[in-house]
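Each remark here refers to the structure printed beneath this line.
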Amino acid sequence: MPDDMLHEEDSTPVHMEAEEPAEHHEEPVAVSSETVAEEAPLPLSDKKWFIIHTYSGFEQKVAGSLRSRAEAFGFAEQIGQILIPTEEVVELRGGKKVTSKRLLYPGYVMVQMEMNDQLWHEVKNTPRVTGFVGGGNSPVPLTADEVNSILFRQQTSAERPRPKMNFEKNEMVRINDGPFANFSGKVDEINPERNTLRVLVTIFGRATPVELDFLQVEKL
(Lines give C-alpha, C1' and ligand atoms only; values in the text may rest on other atoms or scores of the structure.)
Protein backbone atom coordinates (compact mmCIF):
# COMPACT_ATOMS: atom_id res chain seq x y z
CA MET A 1 0.00 0.00 0.00
CA PRO A 2 1.31 3.41 -0.84
CA ASP A 3 2.70 4.35 2.44
CA ASP A 4 4.64 4.77 3.21
CA MET A 5 19.67 1.01 -4.96
CA LEU A 6 22.77 1.99 -5.69
CA HIS A 7 24.60 0.38 -8.61
CA GLU A 8 28.30 0.31 -9.17
CA GLU A 9 29.23 2.13 -12.35
CA ASP A 10 30.78 0.04 -15.11
CA SER A 11 33.58 2.20 -16.38
CA THR A 12 34.38 -0.16 -19.30
CA PRO A 13 31.44 0.85 -21.58
CA VAL A 14 32.12 4.51 -20.91
CA HIS A 15 35.78 4.10 -21.81
CA MET A 16 34.96 2.16 -24.97
CA GLU A 17 32.28 4.65 -25.91
CA ALA A 18 34.74 7.51 -25.81
CA GLU A 19 37.12 5.74 -28.22
CA GLU A 20 34.47 4.70 -30.78
CA PRO A 21 33.87 6.78 -33.90
CA ALA A 22 31.13 9.37 -33.87
CA GLU A 23 29.01 7.47 -36.39
CA HIS A 24 28.34 4.77 -33.78
CA HIS A 25 26.65 7.06 -31.26
CA GLU A 26 23.53 4.92 -31.20
CA GLU A 27 25.27 2.52 -28.74
CA PRO A 28 25.80 5.13 -25.99
CA VAL A 29 22.13 6.11 -26.36
CA ALA A 30 21.07 2.52 -25.71
CA VAL A 31 23.28 2.32 -22.62
CA SER A 32 21.78 5.57 -21.30
CA SER A 33 18.25 4.25 -21.73
CA GLU A 34 19.07 1.11 -19.79
CA THR A 35 20.54 3.15 -16.96
CA VAL A 36 17.38 5.25 -16.67
CA ALA A 37 15.24 2.12 -16.65
CA GLU A 38 17.31 0.63 -13.85
CA GLU A 39 17.00 3.73 -11.68
CA ALA A 40 13.25 4.21 -12.26
CA PRO A 41 10.89 3.34 -9.36
CA LEU A 42 9.76 -0.26 -9.19
CA PRO A 43 6.30 -0.88 -10.73
CA LEU A 44 3.35 -0.89 -8.36
CA SER A 45 1.88 -4.20 -7.26
CA ASP A 46 -0.54 -5.87 -9.64
CA LYS A 47 -2.80 -6.67 -6.70
CA LYS A 48 -6.08 -4.76 -6.54
CA TRP A 49 -7.95 -3.49 -3.49
CA PHE A 50 -11.29 -5.10 -2.64
CA ILE A 51 -13.69 -4.60 0.26
CA ILE A 52 -15.07 -7.52 2.22
CA HIS A 53 -18.05 -7.29 4.55
CA THR A 54 -17.71 -8.75 8.04
CA TYR A 55 -19.74 -9.09 11.18
CA SER A 56 -19.59 -5.74 12.94
CA GLY A 57 -17.06 -5.75 15.74
CA PHE A 58 -15.04 -8.63 14.24
CA GLU A 59 -12.94 -6.65 11.78
CA GLN A 60 -9.64 -7.36 13.58
CA LYS A 61 -10.46 -11.05 14.01
CA VAL A 62 -11.27 -11.36 10.32
CA ALA A 63 -7.97 -9.75 9.37
CA GLY A 64 -6.09 -12.19 11.61
CA SER A 65 -8.06 -15.20 10.36
CA LEU A 66 -7.46 -14.24 6.76
CA ARG A 67 -3.71 -14.08 7.33
CA SER A 68 -3.73 -17.44 9.08
CA ARG A 69 -5.78 -19.11 6.35
CA ALA A 70 -3.56 -17.62 3.65
CA GLU A 71 -0.51 -19.27 5.23
CA ALA A 72 -2.28 -22.56 5.94
CA PHE A 73 -3.91 -22.97 2.53
CA GLY A 74 -1.08 -21.61 0.39
CA PHE A 75 -2.48 -18.38 -0.98
CA ALA A 76 -0.36 -15.95 1.07
CA GLU A 77 1.46 -14.76 -2.06
CA GLN A 78 -1.85 -13.66 -3.55
CA ILE A 79 -2.74 -11.51 -0.55
CA GLY A 80 -1.13 -8.12 -0.08
CA GLN A 81 -2.02 -5.58 2.59
CA ILE A 82 -5.06 -5.86 4.83
CA LEU A 83 -6.40 -2.53 6.03
CA ILE A 84 -9.08 -1.64 8.54
CA PRO A 85 -9.55 2.10 7.93
CA THR A 86 -9.66 4.17 11.11
CA GLU A 87 -9.60 7.83 12.01
CA GLU A 88 -8.52 9.83 15.03
CA VAL A 89 -11.38 11.48 16.91
CA VAL A 90 -11.32 13.84 19.86
CA GLU A 91 -13.85 14.49 22.61
CA LEU A 92 -14.00 16.44 25.83
CA ARG A 93 -13.94 14.39 29.03
CA GLY A 94 -13.72 16.08 32.39
CA GLY A 95 -12.63 19.30 30.75
CA LYS A 96 -9.75 17.59 28.88
CA LYS A 97 -9.44 16.66 25.23
CA VAL A 98 -9.17 12.90 24.80
CA THR A 99 -8.14 11.37 21.47
CA SER A 100 -9.13 7.88 20.38
CA LYS A 101 -9.53 5.81 17.22
CA ARG A 102 -12.76 4.79 15.57
CA LEU A 103 -13.51 2.73 12.49
CA LEU A 104 -14.22 4.69 9.34
CA TYR A 105 -16.38 1.88 7.98
CA PRO A 106 -17.57 -0.51 10.70
CA GLY A 107 -18.08 -4.00 9.33
CA TYR A 108 -15.74 -3.58 6.37
CA VAL A 109 -12.13 -4.61 5.71
CA MET A 110 -9.98 -3.63 2.72
CA VAL A 111 -7.86 -6.42 1.23
CA GLN A 112 -5.26 -6.18 -1.52
CA MET A 113 -5.28 -9.36 -3.64
CA GLU A 114 -4.78 -11.05 -6.99
CA MET A 115 -8.40 -11.98 -7.52
CA ASN A 116 -9.38 -15.31 -9.03
CA ASP A 117 -12.20 -17.81 -8.46
CA GLN A 118 -10.28 -19.91 -5.94
CA LEU A 119 -9.14 -16.90 -3.92
CA TRP A 120 -12.66 -15.47 -3.98
CA HIS A 121 -13.90 -18.77 -2.51
CA GLU A 122 -11.20 -18.93 0.19
CA VAL A 123 -11.71 -15.34 1.35
CA LYS A 124 -15.50 -15.62 1.33
CA ASN A 125 -15.29 -18.74 3.51
CA THR A 126 -13.16 -17.02 6.14
CA PRO A 127 -15.04 -17.08 9.48
CA ARG A 128 -17.23 -14.01 10.09
CA VAL A 129 -16.94 -12.84 6.47
CA THR A 130 -20.32 -12.36 4.78
CA GLY A 131 -18.96 -11.64 1.30
CA PHE A 132 -17.42 -9.07 -0.99
CA VAL A 133 -18.91 -5.65 -1.56
CA GLY A 134 -20.36 -5.36 -5.07
CA GLY A 135 -20.18 -7.62 -8.07
CA GLY A 136 -21.57 -10.87 -6.66
CA ASN A 137 -19.16 -13.60 -7.70
CA SER A 138 -17.02 -11.05 -9.56
CA PRO A 139 -16.42 -8.15 -7.15
CA VAL A 140 -15.23 -4.89 -8.64
CA PRO A 141 -11.92 -3.57 -7.26
CA LEU A 142 -11.61 -0.09 -5.82
CA THR A 143 -10.25 2.59 -8.12
CA ALA A 144 -6.96 4.33 -7.32
CA ASP A 145 -8.90 7.50 -6.45
CA GLU A 146 -11.10 5.62 -3.99
CA VAL A 147 -8.11 4.04 -2.27
CA ASN A 148 -6.24 7.35 -2.11
CA SER A 149 -9.31 9.09 -0.68
CA ILE A 150 -9.53 6.58 2.18
CA LEU A 151 -5.81 6.75 2.90
CA PHE A 152 -5.87 10.56 2.78
CA ARG A 153 -8.75 10.75 5.26
CA GLN A 154 -6.95 8.35 7.59
CA GLN A 155 -3.73 10.37 7.42
CA THR A 156 -5.30 13.81 7.83
CA SER A 157 -7.33 12.67 10.84
CA ALA A 158 -4.09 11.62 12.55
CA GLU A 159 -2.70 15.12 11.99
CA ARG A 160 -5.96 16.85 12.93
CA PRO A 161 -8.36 14.61 14.86
CA ARG A 162 -12.02 15.02 14.04
CA PRO A 163 -14.67 15.68 16.70
CA LYS A 164 -16.22 12.42 17.82
CA MET A 165 -19.77 13.74 17.59
CA ASN A 166 -21.65 14.78 14.46
CA PHE A 167 -24.48 17.26 14.64
CA GLU A 168 -27.49 18.22 12.54
CA LYS A 169 -29.33 21.49 12.09
CA ASN A 170 -32.25 22.04 14.51
CA GLU A 171 -30.87 19.36 16.83
CA MET A 172 -31.07 20.17 20.54
CA VAL A 173 -27.74 20.19 22.39
CA ARG A 174 -26.37 21.03 25.82
CA ILE A 175 -23.31 23.26 26.24
CA ASN A 176 -20.73 21.60 28.48
CA ASP A 177 -17.88 24.12 28.42
CA GLY A 178 -17.34 27.87 28.45
CA PRO A 179 -19.38 30.76 29.82
CA PHE A 180 -22.67 29.18 28.64
CA ALA A 181 -22.02 25.79 30.25
CA ASN A 182 -25.22 23.93 31.22
CA PHE A 183 -27.34 26.01 28.82
CA SER A 184 -29.34 24.14 26.20
CA GLY A 185 -30.02 25.33 22.69
CA LYS A 186 -30.86 24.45 19.10
CA VAL A 187 -28.24 24.00 16.39
CA ASP A 188 -28.75 26.76 13.85
CA GLU A 189 -25.68 26.40 11.66
CA ILE A 190 -22.82 23.90 11.24
CA ASN A 191 -19.35 24.69 9.94
CA PRO A 192 -17.60 21.32 9.38
CA GLU A 193 -14.41 22.96 8.09
CA ARG A 194 -13.89 24.87 11.34
CA ASN A 195 -15.60 22.27 13.52
CA THR A 196 -17.89 24.91 14.97
CA LEU A 197 -21.63 25.29 15.56
CA ARG A 198 -23.91 28.27 15.91
CA VAL A 199 -26.35 27.43 18.64
CA LEU A 200 -29.44 29.47 19.51
CA VAL A 201 -29.48 29.85 23.28
CA THR A 202 -32.37 31.49 25.12
CA ILE A 203 -30.99 34.32 27.28
CA PHE A 204 -33.35 36.73 29.05
CA GLY A 205 -36.22 35.36 27.01
CA ARG A 206 -34.52 35.88 23.66
CA ALA A 207 -32.88 33.40 21.29
CA THR A 208 -29.24 34.46 21.12
CA PRO A 209 -26.78 32.91 18.61
CA VAL A 210 -23.60 31.57 20.22
CA GLU A 211 -20.67 30.15 18.26
CA LEU A 212 -19.20 27.07 19.88
CA ASP A 213 -16.61 24.43 19.15
CA PHE A 214 -17.90 20.90 18.50
CA LEU A 215 -16.20 19.84 21.72
CA GLN A 216 -18.17 22.36 23.75
CA VAL A 217 -21.54 20.73 23.18
CA GLU A 218 -23.15 17.33 23.63
CA LYS A 219 -26.33 15.78 22.33
CA LEU A 220 -29.39 15.82 24.57
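Simple scheme: letters A, B, ... for chains in C-alpha coordinates order, numbers from 1 for residues in each chain, numbers from 1 for ligands in the order shown.
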* Would you kindly return, as a PyMOL selection string, each protein, DNA or RNA residue with an atom no farther than 9 Å from any atom of region 99-111 of chain A, considering only C-alpha atoms and excluding same-chain residues fewer than 3 positions away? => chain A and resi 48-60+62-63+79-92+133+150+154+161+164
* region 96-193 of chain A: which residues are helix (DSSP H, G or I) by DSSP, as a ChimeraX atom specification? -> /A:117-124,144-159
* To do: List every residue of region 107-220 of chain A that DSSP, applied to the backbone of this structure, assigns to strand (DSSP E), and report them as a PyMOL selection string.
  => chain A and resi 108-113+129-132+162-163+172-175+184-191+196-203+206-213+217-219
Any chance you could tabulate, as a Markdown table, the residues of region 40-151 of chain A at most 10 Å from region 171-183 of chain A with each one's nearest atom pair and distance in Å to one decimal, using only C-alpha atoms, in chain and rising number order?
```
| residue | atom | partner | partner_atom | distance |
| --- | --- | --- | --- | --- |
| A:Leu92 | CA | A:Asn176 | CA | 8.9 |
| A:Arg93 | CA | A:Asn176 | CA | 9.9 |
| A:Gly94 | CA | A:Asn176 | CA | 9.7 |
| A:Gly95 | CA | A:Asp177 | CA | 7.5 |
```
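For the atom pair formed by CA of Ile190 (chain A) and CA of Glu146 (chain A), the distance is 26.5 Å, given to one decimal.
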* To do: Please identify all polymer residues within 12 Å of Pro209 (chain A), counting only C-alpha atoms, omitting same-chain residues fewer than 6 positions from it, and present them as a PyMOL selection string.
  => chain A and resi 180+184-189+197-203
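Separating CA of Phe73 (chain A) from CA of Trp120 (chain A) is a distance of 13.2 Å.
Residue nearest Gly136 (chain A), chosen from A:Lys169, A:Lys47, A:Lys124, A:Arg206 and counting only C-alpha atoms: A:Lys124.
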* Using only C-alpha atoms, which residues sit within 12 Å of Ser138 (chain A) once same-chain residues fewer than 3 positions away are excluded, as a count of residues only? -> 15
